[in-house]
>>> print(open('target20.pdb').read())   # PDB, C-alpha atoms
ATOM      1  CA  MET G   1      81.115 114.215 -90.281
ATOM      2  CA  THR G   2      80.136 117.328 -88.330
ATOM      3  CA  SER G   3      82.530 119.217 -86.140
ATOM      4  CA  SER G   4      81.627 120.408 -82.626
ATOM      5  CA  PRO G   5      80.940 124.124 -82.340
ATOM      6  CA  GLU G   6      83.881 126.260 -81.378
ATOM      7  CA  ARG G   7      83.883 127.201 -77.712
ATOM      8  CA  ARG G   8      83.811 130.975 -77.275
ATOM      9  CA  GLU G   9      85.076 132.697 -74.178
ATOM     10  CA  THR G  10      82.587 135.018 -72.502
ATOM     11  CA  LEU G  11      83.112 138.070 -70.326
ATOM     12  CA  PHE G  12      82.795 135.965 -67.167
ATOM     13  CA  ASP G  13      84.608 132.868 -68.441
ATOM     14  CA  SER G  14      88.376 132.976 -68.334
ATOM     15  CA  GLY G  15      88.694 129.398 -69.532
ATOM     16  CA  GLN G  16      90.479 128.457 -66.314
ATOM     17  CA  GLU G  17      89.392 125.667 -64.001
ATOM     18  CA  VAL G  18      87.205 126.639 -61.051
ATOM     19  CA  PRO G  19      89.464 126.801 -57.969
ATOM     20  CA  THR G  20      88.897 124.311 -55.181
ATOM     21  CA  LYS G  21      87.328 125.772 -52.050
ATOM     22  CA  THR G  22      89.763 126.275 -49.188
ATOM     23  CA  ALA G  23      88.953 126.145 -45.481
ATOM     24  CA  ASN G  24      88.978 129.595 -43.893
ATOM     25  CA  LEU G  25      91.711 128.687 -41.428
ATOM     26  CA  ASN G  26      95.165 129.997 -40.640
ATOM     27  CA  GLU G  27      97.479 127.309 -42.000
ATOM     28  CA  THR G  28      99.629 127.289 -38.867
ATOM     29  CA  ILE G  29      96.570 126.703 -36.666
ATOM     30  CA  TRP G  30      95.315 124.006 -39.049
ATOM     31  CA  ASN G  31      98.659 122.187 -38.927
ATOM     32  CA  ALA G  32      98.730 122.330 -35.120
ATOM     33  CA  LEU G  33      95.165 121.023 -34.682
ATOM     34  CA  ARG G  34      95.609 118.413 -37.408
ATOM     35  CA  GLU G  35      98.595 116.988 -35.586
ATOM     36  CA  SER G  36      96.969 117.125 -32.142
ATOM     37  CA  TRP G  37      93.630 115.627 -33.205
ATOM     38  CA  GLY G  38      94.784 113.149 -35.861
ATOM     39  CA  LEU G  39      93.104 114.964 -38.756
ATOM     40  CA  THR G  40      94.114 114.451 -42.375
ATOM     41  CA  GLY G  41      94.552 116.373 -45.595
ATOM     42  CA  ASP G  42      95.290 120.018 -46.301
ATOM     43  CA  LEU G  43      93.193 123.167 -46.283
ATOM     44  CA  HIS G  44      91.287 121.904 -49.332
ATOM     45  CA  GLY G  45      90.213 118.715 -47.559
ATOM     46  CA  ASP G  46      87.014 117.801 -45.728
ATOM     47  CA  ASP G  47      88.657 117.669 -42.291
ATOM     48  CA  ALA G  48      89.851 121.262 -42.596
ATOM     49  CA  LYS G  49      86.497 122.522 -43.908
ATOM     50  CA  ASN G  50      84.599 120.733 -41.122
ATOM     51  CA  LEU G  51      87.015 122.127 -38.557
ATOM     52  CA  ALA G  52      86.435 125.679 -39.823
ATOM     53  CA  LYS G  53      82.675 125.197 -39.490
ATOM     54  CA  GLY G  54      83.186 123.722 -36.027
ATOM     55  CA  ILE G  55      85.281 126.652 -34.830
ATOM     56  CA  ALA G  56      82.528 129.053 -35.936
ATOM     57  CA  ARG G  57      80.041 127.064 -33.833
ATOM     58  CA  VAL G  58      82.445 127.018 -30.870
ATOM     59  CA  CYS G  59      82.676 130.819 -31.095
ATOM     60  CA  LEU G  60      78.870 131.068 -30.980
ATOM     61  CA  ALA G  61      78.687 128.802 -27.943
ATOM     62  CA  ILE G  62      81.420 130.478 -25.906
ATOM     63  CA  CYS G  63      80.334 134.026 -26.774
ATOM     64  CA  HIS G  64      76.852 133.202 -25.421
ATOM     65  CA  SER G  65      78.212 131.967 -22.107
ATOM     66  CA  PRO G  66      77.335 134.585 -19.454
ATOM     67  CA  ALA G  67      80.518 133.655 -17.568
ATOM     68  CA  TYR G  68      82.627 134.432 -20.655
ATOM     69  CA  GLU G  69      80.759 137.702 -21.286
ATOM     70  CA  LEU G  70      81.278 138.828 -17.697
ATOM     71  CA  GLU G  71      84.933 137.807 -17.569
ATOM     72  CA  HIS G  72      85.758 139.578 -20.850
ATOM     73  CA  LYS G  73      83.321 142.489 -20.614
ATOM     74  CA  GLU G  74      85.922 145.251 -20.980
ATOM     75  CA  SER G  75      87.918 143.623 -23.784
ATOM     76  CA  LEU G  76      84.757 142.714 -25.744
ATOM     77  CA  ALA G  77      83.782 146.386 -25.787
ATOM     78  CA  GLN G  78      87.058 147.292 -27.499
ATOM     79  CA  ASP G  79      88.294 144.301 -29.475
ATOM     80  CA  TRP G  80      87.422 141.064 -31.240
ATOM     81  CA  ALA G  81      86.433 138.139 -29.053
ATOM     82  CA  HIS G  82      89.385 135.964 -28.054
ATOM     83  CA  ILE G  83      88.133 132.373 -28.024
ATOM     84  CA  PRO G  84      89.982 129.529 -26.258
ATOM     85  CA  ILE G  85      90.174 126.253 -28.189
ATOM     86  CA  PRO G  86      89.686 123.159 -25.995
ATOM     87  CA  ARG G  87      92.429 120.575 -26.113
ATOM     88  CA  GLN G  88      89.943 117.703 -25.822
ATOM     89  CA  LYS G  89      88.044 116.803 -29.002
ATOM     90  CA  ASP G  90      84.963 115.689 -27.064
ATOM     91  CA  VAL G  91      84.657 119.116 -25.412
ATOM     92  CA  PHE G  92      85.069 120.722 -28.838
ATOM     93  CA  ALA G  93      82.279 118.483 -30.174
ATOM     94  CA  ARG G  94      79.917 119.407 -27.317
ATOM     95  CA  LEU G  95      80.580 123.096 -27.927
ATOM     96  CA  CYS G  96      79.859 122.569 -31.635
ATOM     97  CA  SER G  97      76.551 120.912 -30.759
ATOM     98  CA  SER G  98      75.511 123.836 -28.540
ATOM     99  CA  GLY G  99      76.691 126.268 -31.193
ATOM    100  CA  ASP G 100      74.490 124.505 -33.752
ATOM    101  CA  GLN G 101      71.480 125.007 -31.472
ATOM    102  CA  ILE G 102      72.298 128.688 -30.978
ATOM    103  CA  ALA G 103      72.697 129.163 -34.748
ATOM    104  CA  VAL G 104      69.172 127.781 -35.277
ATOM    105  CA  LEU G 105      67.664 129.900 -32.491
ATOM    106  CA  LEU G 106      69.208 133.090 -33.880
ATOM    107  CA  ASN G 107      68.185 132.477 -37.483
ATOM    108  CA  PRO G 108      64.645 133.851 -38.023
ATOM    109  CA  ILE G 109      64.151 132.077 -41.368
ATOM    110  CA  ILE G 110      64.794 128.585 -39.957
ATOM    111  CA  ASP G 111      62.054 126.566 -38.266
ATOM    112  CA  ALA G 112      63.336 126.300 -34.687
ATOM    113  CA  ARG G 113      60.500 124.252 -33.187
ATOM    114  CA  SER G 114      62.488 121.021 -32.997
ATOM    115  CA  THR G 115      65.447 122.746 -31.314
ATOM    116  CA  ILE G 116      63.153 124.591 -28.882
ATOM    117  CA  LYS G 117      61.448 121.320 -27.949
ATOM    118  CA  THR G 118      64.823 119.625 -27.424
ATOM    119  CA  ILE G 119      65.890 122.356 -25.006
ATOM    120  CA  LEU G 120      62.633 123.241 -23.240
ATOM    121  CA  GLY G 121      60.563 120.091 -23.717
ATOM    122  CA  SER G 122      56.778 120.298 -23.688
ATOM    123  CA  SER G 123      57.000 123.286 -21.303
ATOM    124  CA  ALA G 124      57.569 125.473 -24.356
ATOM    125  CA  ASN G 125      53.851 125.117 -25.076
ATOM    126  CA  THR G 126      53.033 127.224 -21.992
ATOM    127  CA  LEU G 127      55.031 130.225 -23.238
ATOM    128  CA  ALA G 128      53.407 133.323 -24.726
ATOM    129  CA  VAL G 129      49.919 131.916 -25.215
ATOM    130  CA  ALA G 130      47.568 134.553 -26.666
ATOM    131  CA  SER G 131      44.802 135.020 -24.086
ATOM    132  CA  ARG G 132      41.887 137.247 -23.122
ATOM    133  CA  ASP G 133      41.209 138.738 -19.691
ATOM    134  CA  GLY G 134      38.447 136.707 -18.102
ATOM    135  CA  GLY G 135      38.867 133.897 -20.610
ATOM    136  CA  GLY G 136      37.226 133.370 -23.962
ATOM    137  CA  SER G 137      38.549 133.164 -27.491
ATOM    138  CA  VAL G 138      40.907 135.690 -29.072
ATOM    139  CA  ARG G 139      39.822 137.003 -32.462
ATOM    140  CA  SER G 140      42.203 138.297 -35.112
ATOM    141  CA  ASN G 141      40.846 141.854 -34.885
ATOM    142  CA  ASP G 142      41.505 141.849 -31.108
ATOM    143  CA  MET G 143      45.288 141.846 -31.651
ATOM    144  CA  VAL G 144      45.733 145.628 -31.803
ATOM    145  CA  VAL G 145      48.888 146.822 -30.005
ATOM    146  CA  ALA G 146      47.183 149.717 -28.239
ATOM    147  CA  TYR G 147      49.828 150.146 -25.524
ATOM    148  CA  SER G 148      52.971 152.102 -26.336
ATOM    149  CA  PHE G 149      56.272 150.216 -26.410
ATOM    150  CA  SER G 150      58.352 153.005 -27.983
ATOM    151  CA  GLY G 151      61.220 154.818 -26.301
ATOM    152  CA  ASN G 152      60.776 155.186 -22.548
ATOM    153  CA  ALA G 153      57.260 153.705 -22.566
ATOM    154  CA  THR G 154      56.998 150.698 -20.272
ATOM    155  CA  GLY G 155      54.718 148.623 -22.498
ATOM    156  CA  GLY G 156      52.301 146.148 -20.978
ATOM    157  CA  TRP G 157      54.357 143.484 -19.227
ATOM    158  CA  ARG G 158      52.902 142.674 -15.774
ATOM    159  CA  SER G 159      54.801 140.468 -13.363
ATOM    160  CA  ARG G 160      53.299 137.575 -11.425
ATOM    161  CA  GLN G 161      54.426 134.326  -9.855
ATOM    162  CA  PRO G 162      54.546 131.320 -12.214
ATOM    163  CA  THR G 163      52.072 128.491 -11.850
ATOM    164  CA  GLU G 164      53.321 124.980 -11.140
ATOM    165  CA  SER G 165      53.178 124.019 -14.817
ATOM    166  CA  GLU G 166      55.156 127.149 -15.796
ATOM    167  CA  SER G 167      57.850 127.068 -13.109
ATOM    168  CA  SER G 168      60.060 124.429 -14.758
ATOM    169  CA  ILE G 169      61.317 126.875 -17.390
ATOM    170  CA  ILE G 170      61.580 129.971 -15.188
ATOM    171  CA  PRO G 171      65.210 130.535 -14.078
ATOM    172  CA  SER G 172      65.903 130.477 -10.355
ATOM    173  CA  GLY G 173      65.258 133.883  -8.797
ATOM    174  CA  ALA G 174      63.295 135.108 -11.827
ATOM    175  CA  GLU G 175      59.595 135.647 -12.254
ATOM    176  CA  THR G 176      57.169 135.400 -15.085
ATOM    177  CA  GLY G 177      54.527 137.808 -16.298
ATOM    178  CA  ASP G 178      51.806 138.452 -18.819
ATOM    179  CA  LEU G 179      52.538 140.686 -21.783
ATOM    180  CA  TYR G 180      49.508 142.890 -22.459
ATOM    181  CA  ILE G 181      49.178 144.560 -25.834
ATOM    182  CA  ASN G 182      45.876 146.272 -24.970
ATOM    183  CA  ASP G 183      43.417 146.379 -22.084
ATOM    184  CA  HIS G 184      42.011 142.910 -22.740
ATOM    185  CA  ILE G 185      44.512 140.828 -24.760
ATOM    186  CA  PHE G 186      47.815 139.489 -23.481
ATOM    187  CA  PHE G 187      50.446 136.808 -24.057
ATOM    188  CA  ARG G 188      50.403 134.538 -21.021
ATOM    189  CA  ASN G 189      53.679 133.455 -19.371
ATOM    190  CA  VAL G 190      56.496 135.643 -20.671
ATOM    191  CA  PRO G 191      59.420 135.256 -18.217
ATOM    192  CA  SER G 192      61.063 138.441 -16.967
ATOM    193  CA  THR G 193      64.412 137.296 -18.360
ATOM    194  CA  VAL G 194      62.867 137.008 -21.830
ATOM    195  CA  TRP G 195      61.104 140.380 -21.575
ATOM    196  CA  GLU G 196      64.365 142.049 -20.506
ATOM    197  CA  TYR G 197      66.620 140.232 -22.993
ATOM    198  CA  GLU G 198      68.752 142.599 -25.075
ATOM    199  CA  LEU G 199      70.776 142.376 -28.265
ATOM    200  CA  GLY G 200      73.097 145.266 -29.023
ATOM    201  CA  GLY G 201      71.650 147.166 -26.071
ATOM    202  CA  TYR G 202      68.053 146.952 -27.314
ATOM    203  CA  PRO G 203      65.304 144.956 -25.550
ATOM    204  CA  VAL G 204      64.285 142.575 -28.330
ATOM    205  CA  ILE G 205      60.593 142.008 -27.597
ATOM    206  CA  LYS G 206      59.842 145.606 -26.591
ATOM    207  CA  GLU G 207      61.623 146.939 -29.668
ATOM    208  CA  TRP G 208      59.717 144.586 -31.993
ATOM    209  CA  LEU G 209      56.366 145.672 -30.531
ATOM    210  CA  ALA G 210      57.376 149.349 -30.692
ATOM    211  CA  TYR G 211      57.318 149.171 -34.501
ATOM    212  CA  ARG G 212      53.793 147.777 -34.382
ATOM    213  CA  ASP G 213      52.165 149.767 -31.564
ATOM    214  CA  SER G 214      49.456 152.390 -31.859
ATOM    215  CA  GLY G 215      51.973 155.179 -32.387
ATOM    216  CA  ARG G 216      53.061 153.693 -35.711
ATOM    217  CA  ARG G 217      50.061 151.587 -36.735
ATOM    218  CA  PRO G 218      46.862 153.026 -35.229
ATOM    219  CA  ASP G 219      43.999 150.510 -34.991
ATOM    220  CA  THR G 220      45.980 147.903 -36.937
ATOM    221  CA  ALA G 221      45.889 144.396 -35.509
ATOM    222  CA  LEU G 222      48.833 142.011 -35.567
ATOM    223  CA  THR G 223      48.439 139.543 -38.395
ATOM    224  CA  LEU G 224      48.355 135.825 -37.635
ATOM    225  CA  GLU G 225      51.873 135.583 -39.043
ATOM    226  CA  GLU G 226      53.079 138.397 -36.765
ATOM    227  CA  THR G 227      51.417 136.814 -33.728
ATOM    228  CA  ASP G 228      53.104 133.492 -34.458
ATOM    229  CA  HIS G 229      56.415 135.253 -35.037
ATOM    230  CA  LEU G 230      56.212 137.079 -31.698
ATOM    231  CA  ARG G 231      55.463 133.853 -29.853
ATOM    232  CA  GLY G 232      58.311 132.182 -31.714
ATOM    233  CA  MET G 233      60.745 134.931 -30.666
ATOM    234  CA  ILE G 234      59.753 134.516 -27.026
ATOM    235  CA  GLN G 235      60.266 130.759 -27.225
ATOM    236  CA  ARG G 236      63.617 131.145 -29.001
ATOM    237  CA  ILE G 237      64.911 133.571 -26.376
ATOM    238  CA  ALA G 238      63.682 131.319 -23.547
ATOM    239  CA  ALA G 239      65.530 128.375 -25.120
ATOM    240  CA  LEU G 240      68.674 130.458 -25.565
ATOM    241  CA  LEU G 241      68.569 131.506 -21.902
ATOM    242  CA  ALA G 242      67.978 127.895 -20.846
ATOM    243  CA  LEU G 243      71.320 126.981 -22.444
ATOM    244  CA  HIS G 244      73.272 129.403 -20.250
ATOM    245  CA  GLU G 245      74.057 126.959 -17.453
ATOM    246  CA  LYS G 246      75.349 124.373 -19.926
ATOM    247  CA  LEU G 247      77.388 126.993 -21.800
ATOM    248  CA  ASN G 248      78.979 128.205 -18.560
ATOM    249  CA  ALA G 249      79.942 124.640 -17.647
ATOM    250  CA  LEU G 250      81.496 124.076 -21.080
ATOM    251  CA  TYR G 251      83.387 127.360 -20.894
ATOM    252  CA  GLU G 252      84.783 126.345 -17.501
ATOM    253  CA  GLN G 253      85.954 123.046 -18.999
ATOM    254  CA  VAL G 254      87.656 124.854 -21.869
ATOM    255  CA  CYS G 255      89.485 127.203 -19.504
ATOM    256  CA  THR G 256      90.932 124.317 -17.510
ATOM    257  CA  ASP G 257      92.486 122.664 -20.573
ATOM    258  CA  CYS G 258      92.916 124.682 -23.747
ATOM    259  CA  PHE G 259      95.639 125.231 -26.316
ATOM    260  CA  ARG G 260      98.181 127.944 -25.554
ATOM    261  CA  ASN G 261      98.871 130.608 -28.175
ATOM    262  CA  GLU G 262     102.364 129.320 -28.820
ATOM    263  CA  GLU G 263     101.033 125.809 -29.448
ATOM    264  CA  LEU G 264      98.830 127.195 -32.222
ATOM    265  CA  GLY G 265     101.630 129.288 -33.675
ATOM    266  CA  LEU G 266     100.019 132.563 -32.685
ATOM    267  CA  ILE G 267     103.132 133.917 -31.005
TER     268      ILE G 267
END
>>> encode(input="target20.pdb", output="C-alpha cells")
Amino acid sequence: MTSSPERRETLFDSGQEVPTKTANLNETIWNALRESWGLTGDLHGDDAKNLAKGIARVCLAICHSPAYELEHKESLAQDWAHIPIPRQKDVFARLCSSGDQIAVLLNPIIDARSTIKTILGSSANTLAVASRDGGGSVRSNDMVVAYSFSGNATGGWRSRQPTESESSIIPSGAETGDLYINDHIFFRNVPSTVWEYELGGYPVIKEWLAYRDSGRRPDTALTLEETDHLRGMIQRIAALLALHEKLNALYEQVCTDCFRNEELGLI
C-alpha cells in the first residue's frame, strides 16, 4: 500500500477555505430592498449579487441623463453622485437595461456593433464614412491627418445640413458636418453633437485626432485599424446621445416614486 504525499503549505496557501464572495452592498440597504422586492438569501446569495450589479447599471443610466446632470450640476462638481433608487422593480429593470447598453458603448475593447444597431438601426451605416472630395476611392496612404487638431486648433469639421437619409439620427435643432483630416479626405456625416461631445472637459474626437495629426506624426497615415476605431467612436457617441431622451424619461419616472433615505436605513 502506498500513502498519499503529504500536503505542504506554501507561502500563498494558508490552508483555509476560500471565502464565499459577498455582494458589495450595505446590509441595511440589502435588507430593505429584499423585503420590498421579495428577494431571497443573504449577501452571499445570487439575488444580492445580481442586485449589486443592477445598481451599478442604474448608476450608469441615471448619471448619463442630461436632466440629472443639469439638476445636480453643482453637487456633482463637489461630491459623489447621489442616485435615487426606483420603488418599482420594472423601472429598475429598464434602467439596468439602458445601463447595460451604456456599459458596452463606453468599453473600447467590447464589440459594440450589435448595441449600436439596436439603438440607431441601419442609419448607423451613414455615420463617419471615409470619403474623397469629388468622389472616388480612398487609399490607405491618403489617410494622413494633415490638419491640426491640437490645443486651440479648430480641426477640419465643416457643418452642413443633413441629407434625408442622414436626418433620422440627427437630434432636433442640431446639424451634421463632414470631418476633414486633410484637403481631400473626410469622414462624411459626423453630427455636431458628436463632434462637440466631451468627457472630463475634453472633446473626445478632436482630442483623439490631436495625438495623430501632423504635429505629432508628420506624413503618417491612419492605419486601417485606427480608421475603423475612429468611425466606431463616432458611432458609439451617436448611440449614447440617442439614448438621452429615454434616459431623461426614466429619470423622471424615478423621481416621482423612489425610496426615501430613511426607508433604506440611510438616516
>>> atom_distance(input="target20.pdb", atom1="atom CA of G:Lys206", atom2="atom CA of G:Gly155")
7.2 Å
>>> residues_near_point(input="target20.pdb", point="(62.0, 138.0, -29.0)", cutoff="7 Å", atoms="all atoms listed in the file", output="ChimeraX atom specification")
/G:204-205,230,233-234,237
>>> atom_distance(input="target20.pdb", atom1="atom CA of G:Gly173", atom2="atom CA of G:Pro66")
16.1 Å
>>> closest_residue(input="target20.pdb", among="G:Asn24, G:Thr227, G:Asn31, G:Asn248", to="G:Val138", atoms="only C-alpha atoms")
G:Thr227
>>> resolve_selection(input="target20.pdb", expression="the PyMOL selection byres ((chain G and resi 142-149) around 6)", output="MDAnalysis selection string")
chainID G and resid 139:141 150 153 155 181:182 206 210 213:214 220:222
>>> residues_near_point(input="target20.pdb", point="(47.2, 136.7, -27.1)", cutoff="8 Å", atoms="all atoms listed in the file", output="list of chain:residue names")
G:Ala128, G:Val129, G:Ala130, G:Ser131, G:Arg132, G:Val138, G:Met143, G:Ile185, G:Phe186, G:Phe187, G:Arg188, G:Thr227
>>> resolve_selection(input="target20.pdb", expression="the PyMOL selection byres ((chain G and resi 106) around 12)", output="ChimeraX atom specification")
/G:60-61,64,99-105,107-112,115-116,199,232-240
>>> residues_around(input="target20.pdb", residues="stretch 251-254 of chain G", least_positions_apart="5", cutoff="7 Å", atoms="all atoms listed in the file", output="list in words")
Ile62, Pro84, Ile85 and Pro86 of chain G
>>> closest_residue(input="target20.pdb", among="G:Asp183, G:Glu262, G:Glu175, G:Glu69", to="G:Ala81", atoms="only C-alpha atoms")
G:Glu69
>>> closest_residue(input="target20.pdb", among="G:Thr223, G:Asn50, G:Gln78, G:Ser122", to="G:Thr22", atoms="all atoms listed in the file")
G:Asn50
>>> closest_residue(input="target20.pdb", among="G:Asn125, G:Glu35, G:Leu51, G:Ala174", to="G:Ala23", atoms="all atoms listed in the file")
G:Leu51
>>> closest_residue(input="target20.pdb", among="G:Gly215, G:Pro203, G:Gly156, G:Pro162", to="G:Pro191", atoms="all atoms listed in the file")
G:Pro162
>>> closest_residue(input="target20.pdb", among="G:Asp47, G:Ser75, G:His184, G:Leu250", to="G:Gly134", atoms="all atoms listed in the file")
G:His184
>>> atom_distance(input="target20.pdb", atom1="atom CA of G:Ser123", atom2="atom CA of G:Ser159")
19.1 Å
>>> residues_around(input="target20.pdb", residues="G:Leu264", least_positions_apart="5", cutoff="9 Å", atoms="all atoms listed in the file", output="ChimeraX atom specification")
/G:28-33,259
>>> resolve_selection(input="target20.pdb", expression="the PyMOL selection byres ((chain G and resi 58) around 9)", output="number ranges by chain")
G: 53-57, 59-63, 83, 85, 92-100
>>> residues_around(input="target20.pdb", residues="G:Thr20", least_positions_apart="6", cutoff="10 Å", atoms="all atoms listed in the file", output="ChimeraX atom specification")
/G:43-45
